[in-house]
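Just input20.pdb here, PDB, C-alpha atoms:
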ATOM      1  CA  MET A  15       1.513 -23.968 -62.631
ATOM      2  CA  THR A  16      -0.335 -27.256 -62.380
ATOM      3  CA  LEU A  17      -3.976 -27.311 -63.369
ATOM      4  CA  GLY A  18      -4.665 -29.969 -60.766
ATOM      5  CA  GLN A  19      -3.585 -27.699 -57.896
ATOM      6  CA  GLY A  20      -0.840 -30.037 -56.778
ATOM      7  CA  THR A  21      -2.829 -33.260 -56.408
ATOM      8  CA  GLU A  22      -2.337 -34.678 -59.900
ATOM      9  CA  GLY A  23       1.037 -36.267 -59.435
ATOM     10  CA  SER A  24       0.422 -37.880 -56.068
ATOM     11  CA  LEU A  25       0.386 -41.627 -55.600
ATOM     12  CA  LEU A  26      -3.066 -41.553 -54.025
ATOM     13  CA  VAL A  27      -4.643 -40.117 -57.175
ATOM     14  CA  ASP A  28      -2.987 -42.829 -59.262
ATOM     15  CA  VAL A  29      -4.292 -45.525 -56.922
ATOM     16  CA  VAL A  30      -7.807 -44.049 -57.102
ATOM     17  CA  PHE A  31      -7.621 -43.811 -60.893
ATOM     18  CA  TRP A  32      -6.513 -47.403 -61.429
ATOM     19  CA  THR A  33      -9.061 -48.707 -58.908
ATOM     20  CA  ILE A  34     -11.860 -46.936 -60.775
ATOM     21  CA  ALA A  35     -10.486 -47.951 -64.188
ATOM     22  CA  VAL A  36     -10.145 -51.635 -63.310
ATOM     23  CA  SER A  37     -13.580 -51.839 -61.671
ATOM     24  CA  LEU A  38     -15.063 -50.003 -64.667
ATOM     25  CA  ILE A  39     -13.567 -52.504 -67.120
ATOM     26  CA  VAL A  40     -14.571 -55.492 -64.976
ATOM     27  CA  ALA A  41     -18.134 -54.139 -64.742
ATOM     28  CA  ALA A  42     -18.228 -53.621 -68.514
ATOM     29  CA  ILE A  43     -17.111 -57.216 -69.112
ATOM     30  CA  ALA A  44     -19.752 -58.384 -66.630
ATOM     31  CA  VAL A  45     -22.431 -56.442 -68.552
ATOM     32  CA  VAL A  46     -21.547 -58.407 -71.676
ATOM     33  CA  GLN A  47     -20.897 -61.811 -70.112
ATOM     34  CA  SER A  48     -23.469 -62.009 -67.295
ATOM     35  CA  LYS A  49     -26.047 -64.749 -67.826
ATOM     36  CA  ASN A  50     -28.814 -62.913 -65.978
ATOM     37  CA  LEU A  51     -30.145 -59.833 -67.767
ATOM     38  CA  PHE A  52     -31.084 -58.071 -64.530
ATOM     39  CA  ARG A  53     -27.590 -58.574 -63.146
ATOM     40  CA  SER A  54     -25.964 -57.191 -66.253
ATOM     41  CA  ALA A  55     -28.137 -54.070 -65.907
ATOM     42  CA  LEU A  56     -26.883 -53.698 -62.315
ATOM     43  CA  PHE A  57     -23.283 -54.016 -63.542
ATOM     44  CA  LEU A  58     -24.099 -51.337 -66.113
ATOM     45  CA  ILE A  59     -25.015 -49.018 -63.214
ATOM     46  CA  VAL A  60     -21.640 -49.806 -61.594
ATOM     47  CA  SER A  61     -19.852 -48.855 -64.803
ATOM     48  CA  PHE A  62     -21.867 -45.609 -65.053
ATOM     49  CA  ILE A  63     -20.755 -44.683 -61.524
ATOM     50  CA  GLY A  64     -17.170 -45.525 -62.472
ATOM     51  CA  VAL A  65     -17.385 -43.156 -65.434
ATOM     52  CA  ALA A  66     -18.668 -40.434 -63.076
ATOM     53  CA  GLY A  67     -15.593 -41.068 -60.900
ATOM     54  CA  LEU A  68     -13.319 -40.661 -63.917
ATOM     55  CA  PHE A  69     -15.063 -37.350 -64.701
ATOM     56  CA  ILE A  70     -14.238 -36.093 -61.206
ATOM     57  CA  LEU A  71     -10.590 -37.097 -61.709
ATOM     58  CA  LEU A  72     -10.676 -35.140 -64.989
ATOM     59  CA  ARG A  73     -11.952 -32.066 -63.122
ATOM     60  CA  ALA A  74     -15.350 -32.190 -64.825
ATOM     61  CA  GLU A  75     -17.464 -32.139 -61.676
ATOM     62  CA  PHE A  76     -20.532 -30.800 -63.498
ATOM     63  CA  LEU A  77     -20.422 -33.706 -65.939
ATOM     64  CA  ALA A  78     -20.036 -36.159 -63.058
ATOM     65  CA  ALA A  79     -23.247 -34.789 -61.519
ATOM     66  CA  VAL A  80     -25.003 -34.951 -64.895
ATOM     67  CA  GLN A  81     -23.768 -38.515 -65.391
ATOM     68  CA  VAL A  82     -25.148 -39.618 -62.016
ATOM     69  CA  LEU A  83     -28.470 -37.810 -62.559
ATOM     70  CA  ILE A  84     -29.148 -38.931 -66.129
ATOM     71  CA  TYR A  85     -27.452 -42.325 -66.410
ATOM     72  CA  VAL A  86     -27.626 -43.706 -62.873
ATOM     73  CA  GLY A  87     -30.913 -41.967 -62.141
ATOM     74  CA  ALA A  88     -32.923 -42.145 -65.346
ATOM     75  CA  VAL A  89     -31.438 -44.411 -68.017
ATOM     76  CA  SER A  90     -30.707 -47.364 -65.748
ATOM     77  CA  VAL A  91     -34.148 -47.187 -64.118
ATOM     78  CA  LEU A  92     -35.706 -47.199 -67.596
ATOM     79  CA  ILE A  93     -33.631 -50.251 -68.590
ATOM     80  CA  LEU A  94     -34.525 -52.066 -65.355
ATOM     81  CA  PHE A  95     -38.243 -51.379 -65.896
ATOM     82  CA  VAL A  96     -38.145 -52.719 -69.444
ATOM     83  CA  ILE A  97     -36.263 -55.822 -68.292
ATOM     84  CA  LEU A  98     -38.906 -56.450 -65.627
ATOM     85  CA  MET A  99     -41.686 -56.063 -68.199
ATOM     86  CA  ASN A 100     -40.259 -58.897 -70.283
ATOM     87  CA  ARG A 101     -41.009 -62.474 -69.384
ATOM     88  CA  ASP A 102     -37.730 -64.104 -70.324
ATOM     89  CA  VAL A 103     -35.367 -62.405 -67.877
ATOM     90  CA  GLU A 104     -34.036 -65.785 -66.829
ATOM     91  CA  THR A 105     -33.110 -66.950 -70.311
ATOM     92  CA  GLY A 106     -30.486 -64.256 -70.195
ATOM     93  CA  SER A 107     -28.724 -62.874 -73.199
ATOM     94  CA  PRO A 108     -27.670 -65.573 -75.662
ATOM     95  CA  SER A 109     -24.858 -64.837 -78.071
ATOM     96  CA  ASN A 110     -25.182 -65.307 -81.775
ATOM     97  CA  SER A 111     -22.696 -68.177 -81.747
ATOM     98  CA  ARG A 112     -21.798 -67.967 -85.433
ATOM     99  CA  VAL A 113     -20.362 -64.445 -85.134
ATOM    100  CA  VAL A 114     -18.667 -64.621 -81.714
ATOM    101  CA  VAL A 115     -15.154 -65.424 -82.976
ATOM    102  CA  PRO A 116     -14.982 -62.993 -85.949
ATOM    103  CA  VAL A 117     -16.578 -60.168 -83.941
ATOM    104  CA  GLY A 118     -14.231 -60.872 -81.046
ATOM    105  CA  ILE A 119     -11.271 -60.576 -83.419
ATOM    106  CA  ILE A 120     -12.669 -57.346 -84.907
ATOM    107  CA  ALA A 121     -13.287 -55.788 -81.478
ATOM    108  CA  ALA A 122      -9.833 -56.805 -80.214
ATOM    109  CA  LEU A 123      -8.219 -55.407 -83.371
ATOM    110  CA  PHE A 124     -10.141 -52.150 -82.976
ATOM    111  CA  GLY A 125      -9.057 -51.827 -79.361
ATOM    112  CA  ALA A 126      -5.430 -52.583 -80.247
ATOM    113  CA  VAL A 127      -5.400 -49.991 -83.041
ATOM    114  CA  ALA A 128      -7.039 -47.367 -80.787
ATOM    115  CA  ILE A 129      -4.509 -47.981 -77.993
ATOM    116  CA  PHE A 130      -1.617 -47.896 -80.493
ATOM    117  CA  VAL A 131      -2.814 -44.559 -81.904
ATOM    118  CA  ALA A 132      -3.320 -43.153 -78.381
ATOM    119  CA  LEU A 133       0.240 -44.071 -77.387
ATOM    120  CA  HIS A 134       2.024 -43.070 -80.589
ATOM    121  CA  THR A 135       0.439 -39.708 -81.433
ATOM    122  CA  GLU A 136       2.190 -36.465 -80.554
ATOM    123  CA  TRP A 137      -0.649 -34.717 -78.717
ATOM    124  CA  ASN A 138      -0.503 -30.933 -78.234
ATOM    125  CA  MET A 139      -0.392 -31.242 -74.478
ATOM    126  CA  LEU A 140      -1.827 -28.417 -72.389
ATOM    127  CA  GLU A 141       0.595 -28.438 -69.442
ATOM    128  CA  PRO A 142       3.846 -27.847 -71.394
ATOM    129  CA  ALA A 143       2.138 -25.162 -73.495
ATOM    130  CA  LEU A 144       1.111 -23.294 -70.355
ATOM    131  CA  SER A 145       4.370 -23.699 -68.440
ATOM    132  CA  PRO A 146       6.793 -20.747 -68.429
ATOM    133  CA  GLY A 147       8.413 -20.543 -71.839
ATOM    134  CA  GLY A 148       5.662 -22.591 -73.464
ATOM    135  CA  ALA A 149       3.672 -21.565 -76.517
ATOM    136  CA  ALA A 150       0.776 -20.165 -74.491
ATOM    137  CA  ALA A 151       2.508 -19.230 -71.259
ATOM    138  CA  GLY A 152       0.559 -15.951 -71.080
ATOM    139  CA  MET A 153      -2.746 -17.787 -70.763
ATOM    140  CA  ALA A 154      -1.754 -20.046 -67.861
ATOM    141  CA  GLY A 155      -3.695 -18.091 -65.256
ATOM    142  CA  GLU A 156      -6.746 -17.740 -67.469
ATOM    143  CA  VAL A 157      -6.908 -21.459 -68.336
ATOM    144  CA  GLY A 158      -6.362 -22.392 -64.706
ATOM    145  CA  GLY A 159      -9.296 -20.155 -63.790
ATOM    146  CA  VAL A 160     -11.443 -21.885 -66.423
ATOM    147  CA  PHE A 161     -10.763 -25.301 -64.908
ATOM    148  CA  SER A 162     -11.348 -24.224 -61.315
ATOM    149  CA  ASN A 163     -14.673 -22.532 -62.210
ATOM    150  CA  ALA A 164     -15.926 -24.519 -65.179
ATOM    151  CA  ILE A 165     -19.719 -24.301 -65.047
ATOM    152  CA  PRO A 166     -20.114 -20.642 -66.190
ATOM    153  CA  VAL A 167     -17.680 -21.296 -69.049
ATOM    154  CA  VAL A 168     -19.560 -24.431 -70.139
ATOM    155  CA  ALA A 169     -22.835 -22.499 -69.965
ATOM    156  CA  ARG A 170     -21.408 -19.664 -72.069
ATOM    157  CA  LEU A 171     -20.112 -22.166 -74.652
ATOM    158  CA  LEU A 172     -23.488 -23.931 -74.747
ATOM    159  CA  ILE A 173     -25.664 -20.873 -75.338
ATOM    160  CA  ARG A 174     -23.210 -18.821 -77.410
ATOM    161  CA  ASP A 175     -20.828 -20.919 -79.536
ATOM    162  CA  PHE A 176     -22.926 -24.094 -79.627
ATOM    163  CA  VAL A 177     -26.408 -22.572 -79.552
ATOM    164  CA  LEU A 178     -27.573 -24.284 -82.750
ATOM    165  CA  PRO A 179     -26.656 -27.844 -81.615
ATOM    166  CA  PHE A 180     -28.121 -26.943 -78.214
ATOM    167  CA  GLU A 181     -31.509 -26.060 -79.730
ATOM    168  CA  ALA A 182     -31.313 -29.077 -82.040
ATOM    169  CA  ALA A 183     -30.743 -31.267 -78.980
ATOM    170  CA  SER A 184     -33.889 -29.909 -77.335
ATOM    171  CA  VAL A 185     -35.887 -30.634 -80.511
ATOM    172  CA  LEU A 186     -34.339 -34.119 -80.560
ATOM    173  CA  LEU A 187     -35.439 -34.763 -76.972
ATOM    174  CA  LEU A 188     -38.976 -33.559 -77.756
ATOM    175  CA  THR A 189     -39.089 -35.839 -80.798
ATOM    176  CA  ALA A 190     -37.822 -38.747 -78.698
ATOM    177  CA  ILE A 191     -40.539 -38.181 -76.077
ATOM    178  CA  ILE A 192     -43.308 -38.054 -78.692
ATOM    179  CA  GLY A 193     -41.858 -41.010 -80.596
ATOM    180  CA  ALA A 194     -41.530 -43.171 -77.483
ATOM    181  CA  LEU A 195     -45.093 -42.355 -76.435
ATOM    182  CA  ALA A 196     -46.414 -43.154 -79.922
ATOM    183  CA  LEU A 197     -44.515 -46.475 -80.005
ATOM    184  CA  VAL A 198     -45.681 -47.834 -76.661
ATOM    185  CA  ARG A 199     -49.290 -46.540 -76.816
ATOM    186  CA  GLU A 200     -51.937 -49.244 -76.244
ATOM    187  CA  ARG A 201     -54.105 -49.708 -79.294
TER     188      ARG A 201
ATOM    189  CA  MET B   2      -2.768 -40.838 -64.528
ATOM    190  CA  SER B   3      -2.214 -39.200 -67.885
ATOM    191  CA  LEU B   4      -4.017 -38.611 -71.161
ATOM    192  CA  GLU B   5      -2.876 -41.991 -72.470
ATOM    193  CA  SER B   6      -4.273 -43.936 -69.526
ATOM    194  CA  PHE B   7      -7.726 -42.368 -69.996
ATOM    195  CA  LEU B   8      -7.594 -43.060 -73.726
ATOM    196  CA  ILE B   9      -6.667 -46.702 -73.065
ATOM    197  CA  VAL B  10      -9.571 -47.116 -70.633
ATOM    198  CA  GLY B  11     -11.902 -45.548 -73.220
ATOM    199  CA  ALA B  12     -10.612 -47.836 -75.987
ATOM    200  CA  VAL B  13     -11.014 -50.969 -73.837
ATOM    201  CA  ILE B  14     -14.580 -50.040 -72.804
ATOM    202  CA  PHE B  15     -15.462 -49.226 -76.423
ATOM    203  CA  SER B  16     -14.122 -52.590 -77.617
ATOM    204  CA  ILE B  17     -16.110 -54.464 -74.957
ATOM    205  CA  GLY B  18     -19.252 -52.563 -75.944
ATOM    206  CA  LEU B  19     -18.605 -53.190 -79.645
ATOM    207  CA  TYR B  20     -18.181 -56.927 -79.041
ATOM    208  CA  GLY B  21     -21.399 -57.099 -76.993
ATOM    209  CA  ALA B  22     -23.449 -54.974 -79.384
ATOM    210  CA  LEU B  23     -22.480 -57.136 -82.365
ATOM    211  CA  THR B  24     -22.763 -60.597 -80.779
ATOM    212  CA  LYS B  25     -25.681 -60.450 -78.348
ATOM    213  CA  ARG B  26     -29.128 -61.495 -79.543
ATOM    214  CA  ASN B  27     -31.119 -59.805 -76.776
ATOM    215  CA  ALA B  28     -32.136 -56.283 -77.839
ATOM    216  CA  ILE B  29     -31.888 -54.907 -74.283
ATOM    217  CA  THR B  30     -28.304 -56.153 -73.934
ATOM    218  CA  VAL B  31     -27.471 -54.614 -77.313
ATOM    219  CA  LEU B  32     -28.825 -51.275 -76.035
ATOM    220  CA  MET B  33     -26.780 -51.587 -72.829
ATOM    221  CA  CYS B  34     -23.628 -52.256 -74.850
ATOM    222  CA  VAL B  35     -24.349 -49.202 -77.025
ATOM    223  CA  GLU B  36     -24.569 -47.204 -73.772
ATOM    224  CA  LEU B  37     -21.129 -48.564 -72.812
ATOM    225  CA  MET B  38     -19.752 -47.335 -76.153
ATOM    226  CA  PHE B  39     -21.305 -43.883 -75.602
ATOM    227  CA  ASN B  40     -19.639 -43.726 -72.184
ATOM    228  CA  ALA B  41     -16.264 -44.689 -73.634
ATOM    229  CA  VAL B  42     -16.505 -41.875 -76.182
ATOM    230  CA  THR B  43     -17.514 -39.431 -73.436
ATOM    231  CA  ILE B  44     -14.478 -40.382 -71.337
ATOM    232  CA  THR B  45     -12.254 -39.797 -74.366
ATOM    233  CA  ALA B  46     -13.808 -36.385 -75.142
ATOM    234  CA  VAL B  47     -13.468 -35.145 -71.556
ATOM    235  CA  ALA B  48      -9.895 -36.473 -71.305
ATOM    236  CA  PHE B  49      -8.952 -34.591 -74.479
ATOM    237  CA  SER B  50     -10.518 -31.414 -73.131
ATOM    238  CA  ARG B  51      -8.530 -31.798 -69.907
ATOM    239  CA  TYR B  52      -5.087 -32.586 -71.363
ATOM    240  CA  VAL B  53      -4.868 -31.319 -74.952
ATOM    241  CA  ALA B  54      -4.389 -27.640 -75.803
ATOM    242  CA  PRO B  55      -6.769 -26.222 -78.448
ATOM    243  CA  SER B  56      -5.168 -24.297 -81.290
ATOM    244  CA  ALA B  57      -6.769 -21.051 -80.055
ATOM    245  CA  VAL B  58      -4.918 -21.431 -76.745
ATOM    246  CA  ILE B  59      -1.647 -22.336 -78.494
ATOM    247  CA  GLY B  60      -2.056 -19.229 -80.670
ATOM    248  CA  GLY B  61      -2.731 -17.116 -77.586
ATOM    249  CA  VAL B  62      -6.033 -15.726 -78.920
ATOM    250  CA  GLU B  63      -7.535 -13.209 -76.486
ATOM    251  CA  GLY B  64     -10.386 -14.655 -74.405
ATOM    252  CA  ALA B  65     -10.027 -18.113 -75.943
ATOM    253  CA  ALA B  66      -9.307 -19.902 -72.671
ATOM    254  CA  GLY B  67     -12.890 -21.217 -72.609
ATOM    255  CA  ALA B  68     -12.081 -23.332 -75.666
ATOM    256  CA  VAL B  69     -10.385 -25.878 -73.399
ATOM    257  CA  LEU B  70     -13.845 -26.947 -72.214
ATOM    258  CA  THR B  71     -15.220 -27.780 -75.687
ATOM    259  CA  GLY B  72     -14.820 -31.477 -74.891
ATOM    260  CA  GLN B  73     -17.145 -31.126 -71.910
ATOM    261  CA  VAL B  74     -19.760 -29.465 -74.144
ATOM    262  CA  PHE B  75     -19.434 -32.407 -76.545
ATOM    263  CA  ALA B  76     -19.944 -34.757 -73.597
ATOM    264  CA  VAL B  77     -23.172 -32.934 -72.698
ATOM    265  CA  PHE B  78     -24.441 -33.446 -76.252
ATOM    266  CA  ILE B  79     -23.412 -37.124 -76.231
ATOM    267  CA  ILE B  80     -25.332 -37.651 -72.980
ATOM    268  CA  THR B  81     -28.402 -35.922 -74.482
ATOM    269  CA  VAL B  82     -28.330 -38.077 -77.602
ATOM    270  CA  ALA B  83     -27.786 -41.209 -75.508
ATOM    271  CA  ALA B  84     -30.828 -40.402 -73.381
ATOM    272  CA  ALA B  85     -33.003 -39.924 -76.465
ATOM    273  CA  GLU B  86     -31.591 -43.100 -78.010
ATOM    274  CA  VAL B  87     -32.250 -45.275 -74.987
ATOM    275  CA  ALA B  88     -35.833 -43.965 -74.629
ATOM    276  CA  LEU B  89     -36.639 -44.681 -78.283
ATOM    277  CA  GLY B  90     -34.760 -47.993 -78.315
ATOM    278  CA  LEU B  91     -36.587 -49.337 -75.294
ATOM    279  CA  ALA B  92     -39.911 -48.147 -76.743
ATOM    280  CA  ILE B  93     -39.133 -50.146 -79.897
ATOM    281  CA  VAL B  94     -38.195 -53.165 -77.745
ATOM    282  CA  ILE B  95     -41.574 -52.954 -75.971
ATOM    283  CA  ALA B  96     -43.434 -52.553 -79.281
ATOM    284  CA  VAL B  97     -41.663 -55.588 -80.792
ATOM    285  CA  TYR B  98     -42.260 -57.601 -77.619
ATOM    286  CA  ARG B  99     -45.979 -56.815 -77.792
ATOM    287  CA  SER B 100     -46.376 -57.988 -81.349
ATOM    288  CA  ARG B 101     -43.911 -60.923 -81.382
ATOM    289  CA  GLN B 102     -43.485 -61.967 -77.693
ATOM    290  CA  THR B 103     -39.700 -61.881 -78.120
ATOM    291  CA  VAL B 104     -36.831 -59.487 -77.443
ATOM    292  CA  LEU B 105     -34.256 -61.317 -79.569
ATOM    293  CA  VAL B 106     -33.044 -59.166 -82.449
ATOM    294  CA  THR B 107     -32.630 -62.284 -84.619
ATOM    295  CA  ASP B 108     -36.387 -62.945 -84.368
ATOM    296  CA  ALA B 109     -37.374 -59.427 -85.414
ATOM    297  CA  ASN B 110     -37.215 -60.135 -89.143
ATOM    298  CA  GLN B 111     -40.688 -59.140 -90.329
ATOM    299  CA  LEU B 112     -39.239 -56.947 -93.063
ATOM    300  CA  ARG B 113     -37.228 -59.759 -94.612
ATOM    301  CA  ASN B 114     -39.993 -61.376 -96.704
TER     302      ASN B 114
END
Any chance you could put this one into structure tokens?
Amino acid sequence: MTLGQGTEGSLLVDVVFWTIAVSLIVAAIAVVQSKNLFRSALFLIVSFIGVAGLFILLRAEFLAAVQVLIYVGAVSVLILFVILMNRDVETGSPSNSRVVVPVGIIAALFGAVAIFVALHTEWNMLEPALSPGGAAAGMAGEVGGVFSNAIPVVARLLIRDFVLPFEAASVLLLTAIIGALALVRER
Amino acid sequence: MSLESFLIVGAVIFSIGLYGALTKRNAITVLMCVELMFNAVTITAVAFSRYVAPSAVIGGVEGAAGAVLTGQVFAVFIITVAAAEVALGLAIVIAVYRSRQTVLVTDANQLRN
């Protein structure tokens, strides 16, 4: 019983994953290091699309669609508009030169610790638990069905188990709309 | 392709975003780096929901198979909060630009004196 329906272990999937991962990381570095603000926003769009690709590899197709609609469609257009409304696009994004070295060390340390923890923790992996003889072998079919038809399950979780955060999120969005309008209103 | 590889990608992206958000002086770049950090966390949440078994599934609770998708629900909430954050952040950038003709966060120090 493989949740990926036999495609997970193939070489092609690995090649696709590493291609997306490397281009995602390169685009993220370009967002930070690019001299031109407009160009770094375009690299940000590339990294958003890369994240959508990773979602598809993780069998979260709904989230990939949401990522493309909201990030690639809305957020990046908003950022591009604001960049175009500012005069000093060409001056780029200067670094605060006094903090570059200490912050670089802090960020590198954080990344190293996170990678160390990821590699050295005994995760409760799903596949061995579902395999015959595993702790949850009886649920293998059910969990496989959840992954192959995820959207109804996500919807049920959203409006049943997580209904309070769901409503709070809608209030948050309403507040954000009103707040943004109040901030940018011409006086 | 395994849980660890997704976690490593998430950690690297988060570190890059952290570095950019703390060093850059342009408010729009800071916002873009915060978006990168949000995306890294989302990747991590979805990867956990794909590869890690929730305790309800380990315990074999009846009808608990949907719990494996909790990470995707978290990702939906992260995306919602990120959308609200970027709308408000860019509105603040425009408001500061109107009053000070600058988008550098180091120049926005009206509250200091």
Requested in this report: Please write the residues picked by the PyMOL selection byres ((chain B) within 7 of (chain A)) on this file as a PyMOL selection string.
Outcome: chain B and resi 2+5+8-10+12-14+16-17+19-21+23-27+30+48+51-54+58-61+66-67+70+74+81+84-85+88-89+91-93+95-96
Report task. Grab the atom CA of A:Leu83 to atom CA of B:Ala46 distance for me, in Å with one decimal place. Result ->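 Taking atom CA of A:Leu83 as the start and atom CA of B:Ala46 as the end point, the length is 19.4 Å.
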Requested in this report: Quote the spacing between atom CA of A:Val86 and atom CA of B:Gly18 in Å to one decimal place.
Outcome: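 Separation of atom CA of A:Val86 and atom CA of B:Gly18: 17.9 Å.
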Report summary line: atom CA of A:Phe57 sits from atom CA of B:Ser6 at a separation of 22.3 Å
**Report entry** Nearest residue to B:Val69 from the set B:Val42, B:Ile29, B:Val87, B:Val47 (distances using only C-alpha atoms)
**Finding:** B:Val47
Requested in this report: Quick one: everything within 7 Å of B:Phe7, counting only C-alpha atoms, minus sequence neighbours fewer than 4 positions away in the same chain. Send it as a PyMOL selection string.
Outcome: chain B and resi 3+11+45+48
To test the calculation: enclose all listed atoms of stretch 101-113 of chain B in a box whose edges run along x, y and z, add 8 Å on each side, then state centre and edge lengths in Å to one decimal, as lines of an AutoDock Vina configuration file.
center_x = -38.3
center_y = -59.9
center_z = -86.0
size_x = 27.3
size_y = 22.0
size_z = 33.2
Requested in this report: Run the PyMOL selection byres ((chain B and resi 108) around 12) against the file shown and list the residues it catches, as a PyMOL selection string.
Outcome: (chain A and resi 110) or (chain B and resi 26-28+94+97-98+100-107+109-113)
